Amino acid sequence: MNKYRTHTCGELSKKLKNKEVSLSGWINKKRDHGNLLFIDLRDNYGITQCVVEKNNENFNNLEKLPLETVINIKGEVVERSKETINSEIKTGEIEIKINSFIILGKTKELPMPVFSEQEYSEEIRLKYRFLDLRRNKIHQNIILRSKVISFIRSEMEKLGFLEFQTPILTSSSPEGARDFLVPSRLNPGKFYALPQAPQQFKQLIMVSGFDKYFQIAPCFRDEDARADRSPGEFYQLDLEMSFVEQEDIFNVVEKLMVKLFNNFSKNKILNEVFPKIKYSEAMLKYGTDKPDLRNPLIIKDVTEIFTRDDVTFEIFKKLVKAGSSVRAIVTKQTKDKPRSFFDNIDNWAKEQGSSGLAYFTIEKNKDIQGKGPIGKFFNNDSIKCIMNITSAEVGDTVFLSCGKISEIEKILSLAREKIANDLNLIEKNKFAFCWIVDYPMFEKDEETNKIKFSHNPFSMPQGDLNNIDFTKPLDLKAYQYDIVCNGIELSSGAIRNHIPELMYKLFEIAGYDKNIVNEKFSGMINALSYGAPPHGGIAPGIDRIVMLLAEEKNIREVTMFPMNQNAQDLMMNAPSEVSSEQLKELNLSIKKK
RNA sequence: GGGGGUGUAGCUCAGUUGGUUAGAGCACGUGCCUGUCACGCACGGGGUCGAGGGUUCGAGUCCCUUCACUCCCGCCA
């Protein structure tokens with residue numbers, strides 16, 4: 001017999017009544033009646049109530065144990081009387097009558113309670129993560145994460161994918177996020193980089209003829225944190241397939257996501273065939289390439305209204321003349337909302353750094369008229385024209401933003417979310433997936449005015465490969481796609497460019513000459529020159545998938561040992577200083593400030 | 001790099017217009033209590049009010065600086 005336990009704290013029932021058992025776990029909670037003491041013993045599997053009476057020789061010692069002490073108890077399984085059954089817990093029909101106990105792990109005074117549903121400061125949670133992780137909600141989140149990953153592995157294997165590991169120490173690449181660098185001892189002055197994704201390796205795996213690859217891959221990017229973005233490291237379901245077109249990738253991922261989300265959540269998937277939205281359409285209708293489709297609000301372009309003579313809103317008219325655009329969000333039947341509702345939104349928009357949101361409500365007496373701060377600038381005809389474009393009706397409110405397209409896209413995208421939340425328009429408990437497709441190959445850098453890759457430089461441009469018009473690079477579309485759920489970008493992927501000449505040409509447009517490409521992407525460009533199959537893939541973010549399934553708003557809630565916003569591990573004290581010997585070996589010196 | 005929020009007991013928080021000795025719940029300690037499951041009751045210990053400076057007869061409260069955590073912008077092929 002194992003000296004620590006015969007059973008776990010989650011499995012005992014009436015079937016074992018009157019049996020002698022041994023349990024080990026943490027003291028979750030004590031209820032001390034003076035002559036009768038209840039101890040809730042907790043382990044990974046559940047909670048079992050243990051009871052001891054005054055006449056037992058262990059009573060006084062057990063009474064003194066602080067919460068979270070780890071003990072082993074030996075005792076008898078007793079069926080509870082009807083009135084004392086606790087239906088909240090799995091083992092609620094029995095309790096253990098304690099005969100003896102041993103302390104296995106003492107505890108100091110707790111910096112944070114384990115038995116409590118209160119929220120605690122992030123600082124204390126991260127410093128004492130091992131205590132935080134004992135708490136039920138996050139404990140279950142981490143278990144869910146484990147199950148999700150197993151599920152994905154088994155599904156991928158069923159689909160014929162092979163799992164491979166790729167190097168963690170690799171080379172820095174000029175595109176993309178900041179790299180984490182690792183100095184090389186054997187090669188003084190040179191550095192490895194941690195992979196931002198196994199991008200080149202997975203393509204090399206295809207060139208090596210393995211056909212279908214996947215990996216639960218760690219990715220490292222030295223960028224600032226957000227609620228849905230861990231600083232430093234995160235995990236992707238990285239996958240790549242040979243001899244495929246875009247639709248083949250969609251098929252695999254769509255089916256996997258539907259199976260996964262149906263298996264791990266009760267929330268309904270709104271469209272099991274995910275809608276495909278062109279990038280340009282997404283930017284127009286939602287102002288972002290990661291729209292939350294649960295949100296019914298749609299943005300419309302109404303710039304033309306402000307070229308009409310009968311519209312007298314001179315501020316916007318002047319801006320439009322100078323090249324600005326105007327776009328609108330319409331809220332249904334909001335004419336009776338108090339003034340404060342509208343002003344609130346306008347003020348909020350100003351706080352976001354925009355010039356605010358102009359608005360008027362459509363009313364009808366004899367004629368149709370606009371009511372509200374800017375209502376008077378529009379007459380019956382011009383309002384009808386706006387109603388026509390935006391599908392607005394009498395009683396609706398029109399919010400307007402005017403400015404450079406990139407600016408109004410940004411503010412209206414945020415306003416869509418803000419207004420929908422204020423009006424409670426977002427269907428909770430639903431998953432709304434979509435594909436965003438037809439990304440542009442290039443975009444203009446707003447600061448330098450230079451042309452750069454808009455996403456992945458390894459993507460295949462669309463069109464007849466023998467006859468691509470490179471004279472208008474900004475018009476080039478790529479076989480590049482994102483998958484989005486509830487406004488969260490889950491992953492992006494692409495059909496890759498496997499033709500070296502074409503790759504050189506595209507890099508040239510982005511300002512990298514052949515020599516740089518040969519140097520920076522030597523492994524890949526070389527491989528593509530020796531018979532590369534057409535291939536493509538995608539890499540859904542594991543952390544964000546689990547976050548959606550666990551219905552958490554913050555990625556730390558599904559990450560076992562996360563870093564804080566400043567990329568520090570408060571529990572392990574990372575990053576930390578290193579000895580001068582270590583620095584010397586690496587040929588490094590620290591610049592004093 | 002920039003903007004917002006928060007910071008008071010081990011933990012979660014309250015603290016009015018600047019005014020006596022800074023409070024509550026949980027945790028901890030002591031005592032009472034034989035059926036609780038957020039057990040109950042009584043008593044007790046515990047505070048650099050994030051730090052520094054200023055205004056004032058008087059600062060947890062007002063002003064300035066700064067630090068920490070967090071959310072957002074930038075950044076994230």
# chains A, B, ... in the order shown; residues from 1 in each chain; ligands from 1

call {"tool": "interface_residues", "arguments": {"of": "chain A", "to": "chain B", "cutoff": "8 Å", "atoms": "only C-alpha atoms (C1' of nucleotides)", "output": "PyMOL selection string"}}
result
chain A and resi 31-36+38+53+84+86+109-113+118-123+175-177+221+223-224+227+453-457

call {"tool": "select_by_dssp", "arguments": {"residues": "range 171-278 of chain A", "states": "helix (DSSP H, G or I)", "output": "PyMOL selection string"}}
result
chain A and resi 199-207+246-264

call {"tool": "select_by_dssp", "arguments": {"residues": "range 480-561 of chain A", "states": "strand (DSSP E or B)", "output": "CSV table (one decimal) with C-alpha atoms, in the first residue's frame"}}
result
chain,number,residue,atom,x,y,z
A,480,GLN,CA,-2.8,35.3,-46.9
A,481,TYR,CA,-5.6,34.8,-44.4
A,482,ASP,CA,-6.5,35.3,-40.8
A,483,ILE,CA,-9.0,33.4,-38.6
A,484,VAL,CA,-10.9,35.6,-36.2
A,485,CYS,CA,-13.3,34.6,-33.4
A,488,ILE,CA,-9.8,38.0,-31.3
A,489,GLU,CA,-7.2,37.2,-34.0
A,490,LEU,CA,-6.6,33.5,-33.6
A,491,SER,CA,-4.0,33.0,-36.3
A,492,SER,CA,-2.8,34.0,-39.6
A,493,GLY,CA,-1.5,31.8,-42.4
A,494,ALA,CA,-0.7,31.8,-46.0
A,495,ILE,CA,0.0,29.8,-49.2
A,496,ARG,CA,3.7,30.2,-49.4
A,535,HIS,CA,2.7,24.5,-49.8
A,536,GLY,CA,0.8,26.5,-47.2
A,537,GLY,CA,-0.2,26.6,-43.6
A,538,ILE,CA,-1.5,28.5,-40.6
A,541,GLY,CA,-2.8,30.6,-31.1

call {"tool": "closest_residue", "arguments": {"among": "A:Ile516, A:Ile545, A:Val273, A:Ile590", "to": "Glu577 in chain A", "atoms": "only C-alpha atoms"}}
result
A:Ile590

call {"tool": "closest_residue", "arguments": {"among": "A:Pro231, A:Gly160, A:Pro296, A:Pro167", "to": "Tyr213 in chain A", "atoms": "only C-alpha atoms"}}
result
A:Gly160

call {"tool": "residues_around", "arguments": {"residues": "A24 in chain B", "least_positions_apart": "6", "cutoff": "12 Å", "atoms": "only C-alpha atoms (C1' of nucleotides)", "output": "PyMOL selection string"}}
result
chain B and resi 9+12-15

call {"tool": "closest_residue", "arguments": {"among": "A:Arg134, A:Lys90, A:Lys64, A:Lys202", "to": "G29 in chain B", "atoms": "only C-alpha atoms (C1' of nucleotides)"}}
result
A:Lys64

call {"tool": "residues_around", "arguments": {"residues": "Ile138 in chain A", "least_positions_apart": "6", "cutoff": "8 Å", "atoms": "only C-alpha atoms (C1' of nucleotides)", "output": "ChimeraX atom specification"}}
result
/A:132,557-558

call {"tool": "write_last_selection", "arguments": {"atoms": "all heavy atoms", "output": "compact mmCIF listing (two decimals), in the first residue's frame"}}
result
# COMPACT_ATOMS: atom_id res chain seq x y z
N ASP A 132 -1.73 30.60 -6.16
CA ASP A 132 -2.80 31.04 -7.05
C ASP A 132 -3.33 29.85 -7.85
O ASP A 132 -4.54 29.69 -8.02
CB ASP A 132 -2.23 32.12 -7.97
CG ASP A 132 -3.31 32.86 -8.74
OD1 ASP A 132 -4.43 32.99 -8.19
OD2 ASP A 132 -3.04 33.31 -9.86
N GLU A 557 -4.80 34.16 -17.33
CA GLU A 557 -5.70 33.23 -16.66
C GLU A 557 -5.62 31.82 -17.24
O GLU A 557 -6.20 30.89 -16.70
CB GLU A 557 -7.15 33.73 -16.73
CG GLU A 557 -7.37 35.08 -16.11
CD GLU A 557 -7.01 35.14 -14.64
OE1 GLU A 557 -7.19 34.13 -13.93
OE2 GLU A 557 -6.52 36.19 -14.21
N VAL A 558 -4.99 31.67 -18.40
CA VAL A 558 -4.84 30.34 -18.99
C VAL A 558 -3.36 29.99 -19.19
O VAL A 558 -3.04 29.07 -19.93
CB VAL A 558 -5.62 30.21 -20.32
CG1 VAL A 558 -7.11 30.39 -20.10
CG2 VAL A 558 -5.12 31.21 -21.36

call {"tool": "residues_around", "arguments": {"residues": "Lys127 in chain A", "least_positions_apart": "2", "cutoff": "8 Å", "atoms": "only C-alpha atoms (C1' of nucleotides)", "output": "PyMOL selection string"}}
result
chain A and resi 123-125+129+569-571

call {"tool": "residues_around", "arguments": {"residues": "range 360-362 of chain A", "least_positions_apart": "2", "cutoff": "7 Å", "atoms": "only C-alpha atoms (C1' of nucleotides)", "output": "PyMOL selection string"}}
result
chain A and resi 335+364+368-375+394-399

call {"tool": "residues_around", "arguments": {"residues": "Glu88 in chain A", "least_positions_apart": "4", "cutoff": "12 Å", "atoms": "only C-alpha atoms (C1' of nucleotides)", "output": "PyMOL selection string"}}
result
(chain A and resi 46-49+84+92-93) or (chain B and resi 37)

call {"tool": "write_last_selection", "arguments": {"atoms": "N, CA, C and O atoms (P, O5', C5', C4', C3', O3' and C1' of nucleotides)", "output": "PDB file, in the first residue's frame"}}
result
ATOM      1  N   GLY A  46     -10.582  16.728  -5.979  1.00  0.00           N
ATOM      2  CA  GLY A  46     -11.797  17.132  -5.310  1.00  0.00           C
ATOM      3  C   GLY A  46     -11.581  17.439  -3.843  1.00  0.00           C
ATOM      4  O   GLY A  46     -10.449  17.633  -3.393  1.00  0.00           O
ATOM      5  N   ILE A  47     -12.702  17.468  -3.119  1.00  0.00           N
ATOM      6  CA  ILE A  47     -12.677  17.805  -1.705  1.00  0.00           C
ATOM      7  C   ILE A  47     -13.430  16.726  -0.940  1.00  0.00           C
ATOM      8  O   ILE A  47     -14.490  16.278  -1.370  1.00  0.00           O
ATOM      9  N   THR A  48     -12.861  16.278   0.176  1.00  0.00           N
ATOM     10  CA  THR A  48     -13.540  15.319   1.037  1.00  0.00           C
ATOM     11  C   THR A  48     -13.614  15.895   2.441  1.00  0.00           C
ATOM     12  O   THR A  48     -12.616  16.357   2.986  1.00  0.00           O
ATOM     13  N   GLN A  49     -14.811  15.862   3.005  1.00  0.00           N
ATOM     14  CA  GLN A  49     -14.961  16.337   4.385  1.00  0.00           C
ATOM     15  C   GLN A  49     -14.501  15.262   5.353  1.00  0.00           C
ATOM     16  O   GLN A  49     -14.927  14.111   5.271  1.00  0.00           O
ATOM     17  N   THR A  84     -27.383  15.898   6.395  1.00  0.00           N
ATOM     18  CA  THR A  84     -26.038  16.481   6.360  1.00  0.00           C
ATOM     19  C   THR A  84     -25.326  16.235   5.024  1.00  0.00           C
ATOM     20  O   THR A  84     -24.151  16.534   4.894  1.00  0.00           O
ATOM     21  N   GLY A  92     -20.037  14.387  -1.432  1.00  0.00           N
ATOM     22  CA  GLY A  92     -20.901  14.955  -0.391  1.00  0.00           C
ATOM     23  C   GLY A  92     -21.773  13.965   0.358  1.00  0.00           C
ATOM     24  O   GLY A  92     -22.421  14.329   1.334  1.00  0.00           O
ATOM     25  N   GLU A  93     -21.813  12.707  -0.112  1.00  0.00           N
ATOM     26  CA  GLU A  93     -22.663  11.731   0.593  1.00  0.00           C
ATOM     27  C   GLU A  93     -21.918  11.009   1.713  1.00  0.00           C
ATOM     28  O   GLU A  93     -22.530  10.283   2.487  1.00  0.00           O
TER      29      GLU A  93
ATOM     30  P     C B  37     -23.127  25.985   7.599  1.00  0.00           P
ATOM     31  O5'   C B  37     -22.128  25.399   6.509  1.00  0.00           O
ATOM     32  C5'   C B  37     -20.825  25.972   6.341  1.00  0.00           C
ATOM     33  C4'   C B  37     -20.046  25.113   5.387  1.00  0.00           C
ATOM     34  C3'   C B  37     -20.620  25.022   3.983  1.00  0.00           C
ATOM     35  O3'   C B  37     -20.106  26.091   3.230  1.00  0.00           O
ATOM     36  C1'   C B  37     -19.995  22.873   4.761  1.00  0.00           C
TER      37        C B  37
END

call {"tool": "atom_distance", "arguments": {"atom1": "CA of Glu79 in chain A", "atom2": "CA of Asn18 in chain A"}}
result
8.1 Å

call {"tool": "closest_residue", "arguments": {"among": "A:Leu293, A:Val52, A:Leu162, A:Met572", "to": "Glu427 in chain A", "atoms": "only C-alpha atoms"}}
result
A:Leu293

call {"tool": "atom_distance", "arguments": {"atom1": "CA of Gly287 in chain A", "atom2": "CA of Ser413 in chain A"}}
result
4.6 Å
